[in-house]
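For reference, work_26.pdb (PDB, C-alpha atoms):
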ATOM      1  CA  MET R   1      -9.100-153.050 -62.322
ATOM      2  CA  SER R   2     -10.479-156.366 -63.439
ATOM      3  CA  PRO R   3     -12.134-156.348 -66.890
ATOM      4  CA  THR R   4     -14.585-158.917 -65.502
ATOM      5  CA  LEU R   5     -15.687-156.570 -62.722
ATOM      6  CA  ILE R   6     -16.010-153.693 -65.170
ATOM      7  CA  GLN R   7     -18.265-155.707 -67.500
ATOM      8  CA  ILE R   8     -20.559-156.808 -64.671
ATOM      9  CA  VAL R   9     -20.730-153.282 -63.227
ATOM     10  CA  ILE R  10     -21.572-151.777 -66.640
ATOM     11  CA  HIS R  11     -24.347-154.357 -67.041
ATOM     12  CA  ALA R  12     -25.783-153.446 -63.610
ATOM     13  CA  ILE R  13     -25.637-149.731 -64.426
ATOM     14  CA  LYS R  14     -27.468-150.236 -67.732
ATOM     15  CA  GLU R  15     -30.068-152.280 -65.891
ATOM     16  CA  LYS R  16     -30.680-149.633 -63.220
ATOM     17  CA  PHE R  17     -29.921-146.244 -64.783
ATOM     18  CA  GLN R  18     -30.961-144.466 -67.928
ATOM     19  CA  THR R  19     -27.323-143.830 -68.901
ATOM     20  CA  GLU R  20     -23.846-144.511 -67.601
ATOM     21  CA  LYS R  21     -23.437-140.739 -67.259
ATOM     22  CA  ALA R  22     -26.415-140.624 -64.893
ATOM     23  CA  PHE R  23     -24.534-143.055 -62.677
ATOM     24  CA  TYR R  24     -20.972-141.748 -62.761
ATOM     25  CA  ALA R  25     -21.917-138.067 -62.636
ATOM     26  CA  GLU R  26     -24.697-138.255 -60.030
ATOM     27  CA  LYS R  27     -23.551-141.153 -57.862
ATOM     28  CA  LEU R  28     -19.762-141.112 -58.177
ATOM     29  CA  GLY R  29     -19.266-137.423 -58.971
ATOM     30  CA  ILE R  30     -16.451-138.094 -61.440
ATOM     31  CA  SER R  31     -15.663-136.742 -64.901
ATOM     32  CA  PRO R  32     -16.382-138.565 -68.157
ATOM     33  CA  GLN R  33     -12.619-138.895 -68.666
ATOM     34  CA  SER R  34     -12.121-140.582 -65.298
ATOM     35  CA  TRP R  35     -15.020-142.915 -66.010
ATOM     36  CA  ASP R  36     -13.641-143.842 -69.437
ATOM     37  CA  ARG R  37     -10.161-144.445 -68.006
ATOM     38  CA  TRP R  38     -11.660-146.706 -65.316
ATOM     39  CA  LYS R  39     -13.666-148.652 -67.902
ATOM     40  CA  LYS R  40     -10.518-149.151 -69.977
ATOM     41  CA  GLY R  41      -8.643-150.359 -66.887
ATOM     42  CA  GLU R  42      -6.220-147.437 -67.076
ATOM     43  CA  GLN R  43      -6.949-146.118 -63.590
ATOM     44  CA  GLY R  44      -8.654-147.159 -60.411
ATOM     45  CA  LEU R  45     -11.360-145.454 -58.427
ATOM     46  CA  LYS R  46     -11.306-144.174 -54.886
ATOM     47  CA  PHE R  47     -12.323-146.626 -52.193
ATOM     48  CA  GLU R  48     -15.470-144.564 -51.568
ATOM     49  CA  ASN R  49     -16.462-144.915 -55.230
ATOM     50  CA  ILE R  50     -15.937-148.674 -55.175
ATOM     51  CA  GLN R  51     -18.235-148.760 -52.144
ATOM     52  CA  ILE R  52     -20.844-146.836 -54.136
ATOM     53  CA  ILE R  53     -20.441-149.267 -57.049
ATOM     54  CA  SER R  54     -21.008-152.158 -54.665
ATOM     55  CA  THR R  55     -24.436-150.695 -53.817
ATOM     56  CA  LEU R  56     -25.541-151.600 -57.350
ATOM     57  CA  PHE R  57     -25.758-155.112 -55.909
ATOM     58  CA  THR R  58     -27.143-156.704 -52.773
ATOM     59  CA  ASP R  59     -24.495-157.994 -50.356
ATOM     60  CA  TYR R  60     -25.093-161.513 -51.611
ATOM     61  CA  GLU R  61     -24.859-160.445 -55.254
ATOM     62  CA  TRP R  62     -21.635-158.530 -54.539
ATOM     63  CA  MET R  63     -20.197-161.747 -53.107
ATOM     64  CA  LEU R  64     -21.199-163.537 -56.336
ATOM     65  CA  VAL R  65     -19.546-160.787 -58.381
ATOM     66  CA  GLN R  66     -16.304-161.324 -56.442
ATOM     67  CA  LYS R  67     -16.454-165.068 -57.090
ATOM     68  CA  VAL R  68     -17.021-164.536 -60.816
ATOM     69  CA  VAL R  69     -14.095-162.080 -60.907
ATOM     70  CA  ARG R  70     -11.869-164.642 -59.176
ATOM     71  CA  ASN R  71     -12.972-167.498 -61.416
ATOM     72  CA  ALA R  72     -12.543-165.423 -64.577
ATOM     73  CA  GLU R  73      -8.835-165.269 -63.770
ATOM     74  CA  ILE R  74      -8.504-169.060 -64.023
ATOM     75  CA  ILE R  75     -11.419-170.312 -66.143
ATOM     76  CA  PRO R  76     -11.452-169.122 -69.770
ATOM     77  CA  GLU R  77     -15.185-169.777 -70.208
ATOM     78  CA  VAL R  78     -15.985-167.422 -67.320
ATOM     79  CA  SER R  79     -13.573-164.812 -68.646
ATOM     80  CA  ALA R  80     -15.222-165.005 -72.080
ATOM     81  CA  ASN R  81     -18.708-164.243 -70.721
ATOM     82  CA  PRO R  82     -18.587-162.887 -67.160
ATOM     83  CA  VAL R  83     -21.985-161.163 -67.307
ATOM     84  CA  GLY R  84     -23.599-164.374 -68.538
ATOM     85  CA  GLU R  85     -21.861-166.329 -65.779
ATOM     86  CA  TYR R  86     -22.979-163.884 -63.101
ATOM     87  CA  LEU R  87     -26.607-163.872 -64.293
ATOM     88  CA  TYR R  88     -26.597-167.645 -64.686
ATOM     89  CA  LEU R  89     -25.486-168.016 -61.061
ATOM     90  CA  LYS R  90     -28.175-165.617 -59.866
ATOM     91  CA  TYR R  91     -30.915-167.535 -61.679
ATOM     92  CA  GLN R  92     -29.649-170.947 -60.609
ATOM     93  CA  ILE R  93     -29.312-169.911 -56.969
ATOM     94  CA  ALA R  94     -32.711-168.216 -57.031
ATOM     95  CA  LYS R  95     -34.251-171.373 -58.505
ATOM     96  CA  THR R  96     -32.625-173.536 -55.821
ATOM     97  CA  TRP R  97     -33.782-171.241 -53.039
ATOM     98  CA  VAL R  98     -37.386-171.207 -54.324
ATOM     99  CA  ASN R  99     -37.403-174.930 -55.050
ATOM    100  CA  HIS R 100     -36.345-175.718 -51.485
ATOM    101  CA  GLY R 101     -38.638-173.177 -49.832
ATOM    102  CA  MET R 102     -35.662-171.250 -48.471
ATOM    103  CA  VAL R 103     -36.856-167.743 -49.344
ATOM    104  CA  ARG R 104     -39.718-165.363 -49.160
ATOM    105  CA  LEU R 105     -40.572-163.492 -52.348
ATOM    106  CA  GLU R 106     -41.245-159.766 -52.394
ATOM    107  CA  TRP R 107     -42.224-157.724 -55.436
ATOM    108  CA  HIS R 108     -41.318-154.046 -55.741
ATOM    109  CA  GLN R 109     -41.698-151.421 -58.442
ATOM    110  CA  SER R 110     -38.314-150.372 -59.776
ATOM    111  CA  GLU R 111     -37.461-146.782 -58.920
ATOM    112  CA  ASN R 112     -34.269-146.226 -60.918
ATOM    113  CA  SER R 113     -35.173-147.791 -64.254
ATOM    114  CA  GLU R 114     -36.222-144.650 -66.088
ATOM    115  CA  ASN R 115     -35.460-146.377 -69.370
ATOM    116  CA  GLN R 116     -37.597-149.418 -68.562
ATOM    117  CA  GLN R 117     -41.247-148.654 -67.934
ATOM    118  CA  ASN R 118     -43.074-150.900 -65.503
ATOM    119  CA  THR R 119     -40.007-152.837 -64.430
ATOM    120  CA  MET R 120     -40.572-154.965 -61.347
ATOM    121  CA  ILE R 121     -37.976-156.177 -58.881
ATOM    122  CA  LEU R 122     -38.411-159.649 -57.492
ATOM    123  CA  GLN R 123     -36.511-159.941 -54.228
ATOM    124  CA  LEU R 124     -35.693-163.423 -53.008
ATOM    125  CA  ILE R 125     -34.914-163.121 -49.315
ATOM    126  CA  ALA R 126     -33.254-165.888 -47.331
ATOM    127  CA  ASP R 127     -34.078-164.862 -43.779
ATOM    128  CA  TYR R 128     -31.846-166.448 -41.141
ATOM    129  CA  GLN R 129     -33.580-164.704 -38.217
ATOM    130  CA  PHE R 130     -30.472-162.655 -37.451
ATOM    131  CA  TRP R 131     -30.962-158.946 -37.963
ATOM    132  CA  GLY R 132     -28.966-157.649 -40.936
ATOM    133  CA  TYR R 133     -27.791-161.068 -42.115
ATOM    134  CA  ASN R 134     -30.400-161.927 -44.735
ATOM    135  CA  ASP R 135     -29.178-162.989 -48.156
ATOM    136  CA  ILE R 136     -31.039-161.250 -50.964
ATOM    137  CA  ILE R 137     -31.065-161.694 -54.708
ATOM    138  CA  GLU R 138     -32.859-159.109 -56.825
ATOM    139  CA  ILE R 139     -34.130-159.890 -60.282
ATOM    140  CA  ARG R 140     -35.531-157.245 -62.605
ATOM    141  CA  LEU R 141     -38.251-158.260 -64.998
ATOM    142  CA  PRO R 142     -41.081-156.684 -66.978
ATOM    143  CA  GLY R 143     -44.067-155.874 -64.796
ATOM    144  CA  VAL R 144     -46.391-157.882 -67.011
ATOM    145  CA  LEU R 145     -44.605-161.062 -65.913
ATOM    146  CA  ARG R 146     -45.442-160.444 -62.275
ATOM    147  CA  GLN R 147     -49.066-161.480 -62.782
ATOM    148  CA  GLN R 148     -47.962-164.698 -64.487
ATOM    149  CA  LEU R 149     -45.250-165.661 -62.013
ATOM    150  CA  GLU R 150     -46.312-164.255 -58.658
ATOM    151  CA  THR R 151     -48.762-167.006 -57.720
ATOM    152  CA  ASP R 152     -47.355-169.920 -59.707
ATOM    153  CA  GLU R 153     -44.122-171.379 -58.318
ATOM    154  CA  VAL R 154     -43.803-173.868 -61.185
ATOM    155  CA  LYS R 155     -43.947-171.063 -63.761
ATOM    156  CA  LEU R 156     -41.407-169.068 -61.749
ATOM    157  CA  LEU R 157     -39.007-172.023 -61.646
ATOM    158  CA  GLN R 158     -39.443-172.532 -65.405
ATOM    159  CA  TRP R 159     -38.799-168.825 -65.967
ATOM    160  CA  PHE R 160     -35.525-169.112 -64.014
ATOM    161  CA  ASP R 161     -34.535-172.067 -66.233
ATOM    162  CA  ASP R 162     -35.397-170.145 -69.397
ATOM    163  CA  GLN R 163     -33.381-167.119 -68.255
ATOM    164  CA  SER R 164     -30.437-169.331 -67.261
ATOM    165  CA  ASP R 165     -30.360-170.901 -70.716
ATOM    166  CA  LYS R 166     -30.633-167.503 -72.379
ATOM    167  CA  VAL R 167     -27.780-165.828 -70.460
ATOM    168  CA  ARG R 168     -25.460-168.807 -70.804
ATOM    169  CA  ASP R 169     -25.918-168.709 -74.582
ATOM    170  CA  THR R 170     -25.750-164.957 -75.142
ATOM    171  CA  GLY R 171     -24.612-163.228 -71.966
ATOM    172  CA  ASP R 172     -27.636-160.940 -72.142
ATOM    173  CA  GLU R 173     -30.625-160.751 -69.895
TER     174      GLU R 173
END
What is this structure when it is put down as structure tokens?
Amino acid sequence: MSPTLIQIVIHAIKEKFQTEKAFYAEKLGISPQSWDRWKKGEQGLKFENIQIISTLFTDYEWMLVQKVVRNAEIIPEVSANPVGEYLYLKYQIAKTWVNHGMVRLEWHQSENSENQQNTMILQLIADYQFWGYNDIIEIRLPGVLRQQLETDEVKLLQWFDDQSDKVRDTGDE
């Protein structure tokens, strides 16, 4: 299993679940030992479990994850900070979509973030008018930012820039 994929998946789990155990025990139904062996790259997971892992991401985000995994194999900078690369891409693509009027924005209260009170999900939806073929990027942010960003596109674009700079430097969101 790719160390790049593992790092990005662990980041997504920490973003959406209170603990890794909450994810692997409740969603995957595997033992702590199996989870640890997978994280260390010592064993794979069943196809069904990889499908469950993919649901941590939208279809579009899962495609980005695959591209980062591929590029990490040939570009040392990506390999050194795959989570930062993945988040940077999300923010840059989201900024481009908003800047060009390509998406509709929807705000939702996060349901899974027990460890993050008042977390909002900003969905950027590129709707191609074909059922089931929308591209969606989801960005989690503190609820207090919704009021500042929801009605001000310029502030939202600046926020994407700020987040892009932050994740490129540190790899953290």
Q. Which residues match the PyMOL selection byres ((chain R and resi 59) around 12) in the file above, as a list in words?
A. Gln51, Ile53, Ser54, Thr55, Leu56, Phe57, Thr58, Tyr60, Glu61, Trp62, Met63, Leu64, Val65, Gln66, Ile125, Gly132, Tyr133, Asn134, Asp135, Ile136, Ile137 and Glu138 of chain R
Q) Residues around (-29.2, -170.5, -68.8), cut-off 12 Å, counting all atoms listed in the file - what are they as a ChimeraX atom specification? A) /R:83-93,95,158-173
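Note that CA of Pro142 (chain R) and CA of Asn118 (chain R) are 6.3 Å apart.
Minimum atom-to-atom distance to Val98 (chain R), evaluated using all atoms listed in the file, belongs to R:Leu157 out of R:Ala72, R:Leu157, R:Ala22, R:Phe17.
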Name every residue that the PyMOL selection byres ((chain R and resi 31-43) around 12) selects in this structure, writing the answer as a PDB file with C-alpha atoms, keeping the file's coordinate frame with chains first and numbers rising.
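Produced file part-v6.pdb, reproduced below:
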ATOM      1  CA  MET R   1      -9.100-153.050 -62.322  1.00  0.00           C
ATOM      2  CA  SER R   2     -10.479-156.366 -63.439  1.00  0.00           C
ATOM      3  CA  PRO R   3     -12.134-156.348 -66.890  1.00  0.00           C
ATOM      4  CA  THR R   4     -14.585-158.917 -65.502  1.00  0.00           C
ATOM      5  CA  LEU R   5     -15.687-156.570 -62.722  1.00  0.00           C
ATOM      6  CA  ILE R   6     -16.010-153.693 -65.170  1.00  0.00           C
ATOM      7  CA  GLN R   7     -18.265-155.707 -67.500  1.00  0.00           C
ATOM      8  CA  ILE R   8     -20.559-156.808 -64.671  1.00  0.00           C
ATOM      9  CA  VAL R   9     -20.730-153.282 -63.227  1.00  0.00           C
ATOM     10  CA  ILE R  10     -21.572-151.777 -66.640  1.00  0.00           C
ATOM     11  CA  GLU R  20     -23.846-144.511 -67.601  1.00  0.00           C
ATOM     12  CA  LYS R  21     -23.437-140.739 -67.259  1.00  0.00           C
ATOM     13  CA  ALA R  22     -26.415-140.624 -64.893  1.00  0.00           C
ATOM     14  CA  PHE R  23     -24.534-143.055 -62.677  1.00  0.00           C
ATOM     15  CA  TYR R  24     -20.972-141.748 -62.761  1.00  0.00           C
ATOM     16  CA  ALA R  25     -21.917-138.067 -62.636  1.00  0.00           C
ATOM     17  CA  GLU R  26     -24.697-138.255 -60.030  1.00  0.00           C
ATOM     18  CA  LYS R  27     -23.551-141.153 -57.862  1.00  0.00           C
ATOM     19  CA  LEU R  28     -19.762-141.112 -58.177  1.00  0.00           C
ATOM     20  CA  GLY R  29     -19.266-137.423 -58.971  1.00  0.00           C
ATOM     21  CA  ILE R  30     -16.451-138.094 -61.440  1.00  0.00           C
ATOM     22  CA  GLY R  44      -8.654-147.159 -60.411  1.00  0.00           C
ATOM     23  CA  LEU R  45     -11.360-145.454 -58.427  1.00  0.00           C
ATOM     24  CA  LYS R  46     -11.306-144.174 -54.886  1.00  0.00           C
ATOM     25  CA  ASN R  49     -16.462-144.915 -55.230  1.00  0.00           C
ATOM     26  CA  ILE R  50     -15.937-148.674 -55.175  1.00  0.00           C
TER      27      ILE R  50
END
To box region 33-47 of chain R, take all atoms listed in the file, fit an axis-aligned box, add 4 Å on each side, and give centre and edge lengths in Å to one decimal, as lines of an AutoDock Vina configuration file.
center_x = -10.6
center_y = -144.6
center_z = -61.1
size_x = 16.8
size_y = 19.5
size_z = 25.8
Q: Have a look at CA of Ile139 (chain R) and CA of Gln109 (chain R) and let me know their distance in Å, one decimal.
A: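 Those two atoms sit 11.5 Å apart.
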(Q) What does the structure give for the distance between CA of Arg140 (chain R) and CA of Gln18 (chain R), in Å to one decimal? (A) 14.6 Å
Once all heavy atoms are restored for region 94-105 of chain R, what would the output be as an mmCIF file, keeping the file's coordinate frame?
data_model
loop_
_atom_site.group_PDB
_atom_site.id
_atom_site.type_symbol
_atom_site.label_atom_id
_atom_site.label_comp_id
_atom_site.auth_asym_id
_atom_site.auth_seq_id
_atom_site.Cartn_x
_atom_site.Cartn_y
_atom_site.Cartn_z
ATOM 1 N N ALA R 94 -31.323 -168.601 -57.301
ATOM 2 C CA ALA R 94 -32.711 -168.216 -57.031
ATOM 3 C C ALA R 94 -33.638 -169.415 -57.199
ATOM 4 O O ALA R 94 -34.512 -169.663 -56.356
ATOM 5 C CB ALA R 94 -33.134 -167.081 -57.969
ATOM 6 N N LYS R 95 -33.425 -170.184 -58.260
ATOM 7 C CA LYS R 95 -34.251 -171.373 -58.505
ATOM 8 C C LYS R 95 -34.097 -172.380 -57.362
ATOM 9 O O LYS R 95 -35.084 -172.929 -56.860
ATOM 10 C CB LYS R 95 -33.849 -172.016 -59.831
ATOM 11 C CG LYS R 95 -34.682 -173.212 -60.199
ATOM 12 C CD LYS R 95 -34.249 -173.755 -61.536
ATOM 13 C CE LYS R 95 -33.607 -175.091 -61.316
ATOM 14 N NZ LYS R 95 -33.214 -175.757 -62.541
ATOM 15 N N THR R 96 -32.882 -172.597 -56.921
ATOM 16 C CA THR R 96 -32.625 -173.536 -55.821
ATOM 17 C C THR R 96 -33.304 -173.060 -54.542
ATOM 18 O O THR R 96 -33.944 -173.854 -53.839
ATOM 19 C CB THR R 96 -31.107 -173.699 -55.596
ATOM 20 O OG1 THR R 96 -30.519 -174.200 -56.804
ATOM 21 C CG2 THR R 96 -30.808 -174.645 -54.447
ATOM 22 N N TRP R 97 -33.163 -171.778 -54.245
ATOM 23 C CA TRP R 97 -33.782 -171.241 -53.039
ATOM 24 C C TRP R 97 -35.299 -171.424 -53.067
ATOM 25 O O TRP R 97 -35.899 -171.853 -52.089
ATOM 26 C CB TRP R 97 -33.453 -169.762 -52.887
ATOM 27 C CG TRP R 97 -32.062 -169.447 -52.417
ATOM 28 C CD1 TRP R 97 -31.064 -170.323 -52.100
ATOM 29 C CD2 TRP R 97 -31.521 -168.148 -52.226
ATOM 30 N NE1 TRP R 97 -29.944 -169.642 -51.727
ATOM 31 C CE2 TRP R 97 -30.187 -168.300 -51.790
ATOM 32 C CE3 TRP R 97 -32.025 -166.863 -52.386
ATOM 33 C CZ2 TRP R 97 -29.366 -167.212 -51.503
ATOM 34 C CZ3 TRP R 97 -31.204 -165.780 -52.103
ATOM 35 C CH2 TRP R 97 -29.885 -165.959 -51.655
ATOM 36 N N VAL R 98 -35.925 -171.089 -54.210
ATOM 37 C CA VAL R 98 -37.386 -171.207 -54.324
ATOM 38 C C VAL R 98 -37.794 -172.670 -54.257
ATOM 39 O O VAL R 98 -38.731 -173.045 -53.546
ATOM 40 C CB VAL R 98 -37.892 -170.548 -55.624
ATOM 41 C CG1 VAL R 98 -39.360 -170.890 -55.880
ATOM 42 C CG2 VAL R 98 -37.706 -169.033 -55.569
ATOM 43 N N ASN R 99 -37.076 -173.506 -54.982
ATOM 44 C CA ASN R 99 -37.403 -174.930 -55.050
ATOM 45 C C ASN R 99 -37.361 -175.601 -53.679
ATOM 46 O O ASN R 99 -38.105 -176.535 -53.414
ATOM 47 C CB ASN R 99 -36.453 -175.629 -56.026
ATOM 48 C CG ASN R 99 -37.037 -176.874 -56.620
ATOM 49 O OD1 ASN R 99 -38.249 -177.042 -56.698
ATOM 50 N ND2 ASN R 99 -36.172 -177.766 -57.046
ATOM 51 N N HIS R 100 -36.488 -175.127 -52.813
ATOM 52 C CA HIS R 100 -36.345 -175.718 -51.485
ATOM 53 C C HIS R 100 -37.083 -174.928 -50.399
ATOM 54 O O HIS R 100 -36.894 -175.200 -49.202
ATOM 55 C CB HIS R 100 -34.862 -175.857 -51.113
ATOM 56 C CG HIS R 100 -34.164 -176.899 -51.906
ATOM 57 N ND1 HIS R 100 -33.508 -176.623 -53.085
ATOM 58 C CD2 HIS R 100 -34.051 -178.232 -51.713
ATOM 59 C CE1 HIS R 100 -33.005 -177.741 -53.579
ATOM 60 N NE2 HIS R 100 -33.320 -178.734 -52.768
ATOM 61 N N GLY R 101 -37.868 -173.948 -50.805
ATOM 62 C CA GLY R 101 -38.638 -173.177 -49.832
ATOM 63 C C GLY R 101 -37.779 -172.379 -48.880
ATOM 64 O O GLY R 101 -38.164 -172.162 -47.730
ATOM 65 N N MET R 102 -36.618 -171.940 -49.345
ATOM 66 C CA MET R 102 -35.662 -171.250 -48.471
ATOM 67 C C MET R 102 -35.845 -169.737 -48.422
ATOM 68 O O MET R 102 -35.149 -169.069 -47.662
ATOM 69 C CB MET R 102 -34.230 -171.557 -48.952
ATOM 70 C CG MET R 102 -33.866 -173.018 -48.891
ATOM 71 S SD MET R 102 -32.310 -173.394 -49.744
ATOM 72 C CE MET R 102 -31.166 -172.329 -48.909
ATOM 73 N N VAL R 103 -36.742 -169.195 -49.248
ATOM 74 C CA VAL R 103 -36.856 -167.743 -49.344
ATOM 75 C C VAL R 103 -38.303 -167.287 -49.300
ATOM 76 O O VAL R 103 -39.227 -168.051 -49.569
ATOM 77 C CB VAL R 103 -36.218 -167.216 -50.654
ATOM 78 C CG1 VAL R 103 -34.730 -167.392 -50.656
ATOM 79 C CG2 VAL R 103 -36.841 -167.854 -51.876
ATOM 80 N N ARG R 104 -38.433 -166.022 -48.968
ATOM 81 C CA ARG R 104 -39.718 -165.363 -49.160
ATOM 82 C C ARG R 104 -39.543 -164.449 -50.366
ATOM 83 O O ARG R 104 -38.460 -163.899 -50.599
ATOM 84 C CB ARG R 104 -40.128 -164.661 -47.872
ATOM 85 C CG ARG R 104 -40.047 -163.236 -47.823
ATOM 86 C CD ARG R 104 -40.529 -162.627 -46.488
ATOM 87 N NE ARG R 104 -39.794 -161.393 -46.288
ATOM 88 C CZ ARG R 104 -38.745 -161.257 -45.527
ATOM 89 N NH1 ARG R 104 -38.286 -162.270 -44.823
ATOM 90 N NH2 ARG R 104 -38.134 -160.109 -45.438
ATOM 91 N N LEU R 105 -40.606 -164.312 -51.136
ATOM 92 C CA LEU R 105 -40.572 -163.492 -52.348
ATOM 93 C C LEU R 105 -41.270 -162.172 -52.073
ATOM 94 O O LEU R 105 -42.356 -162.147 -51.500
ATOM 95 C CB LEU R 105 -41.268 -164.212 -53.501
ATOM 96 C CG LEU R 105 -40.761 -165.607 -53.845
ATOM 97 C CD1 LEU R 105 -41.589 -166.210 -54.971
ATOM 98 C CD2 LEU R 105 -39.299 -165.595 -54.210
#
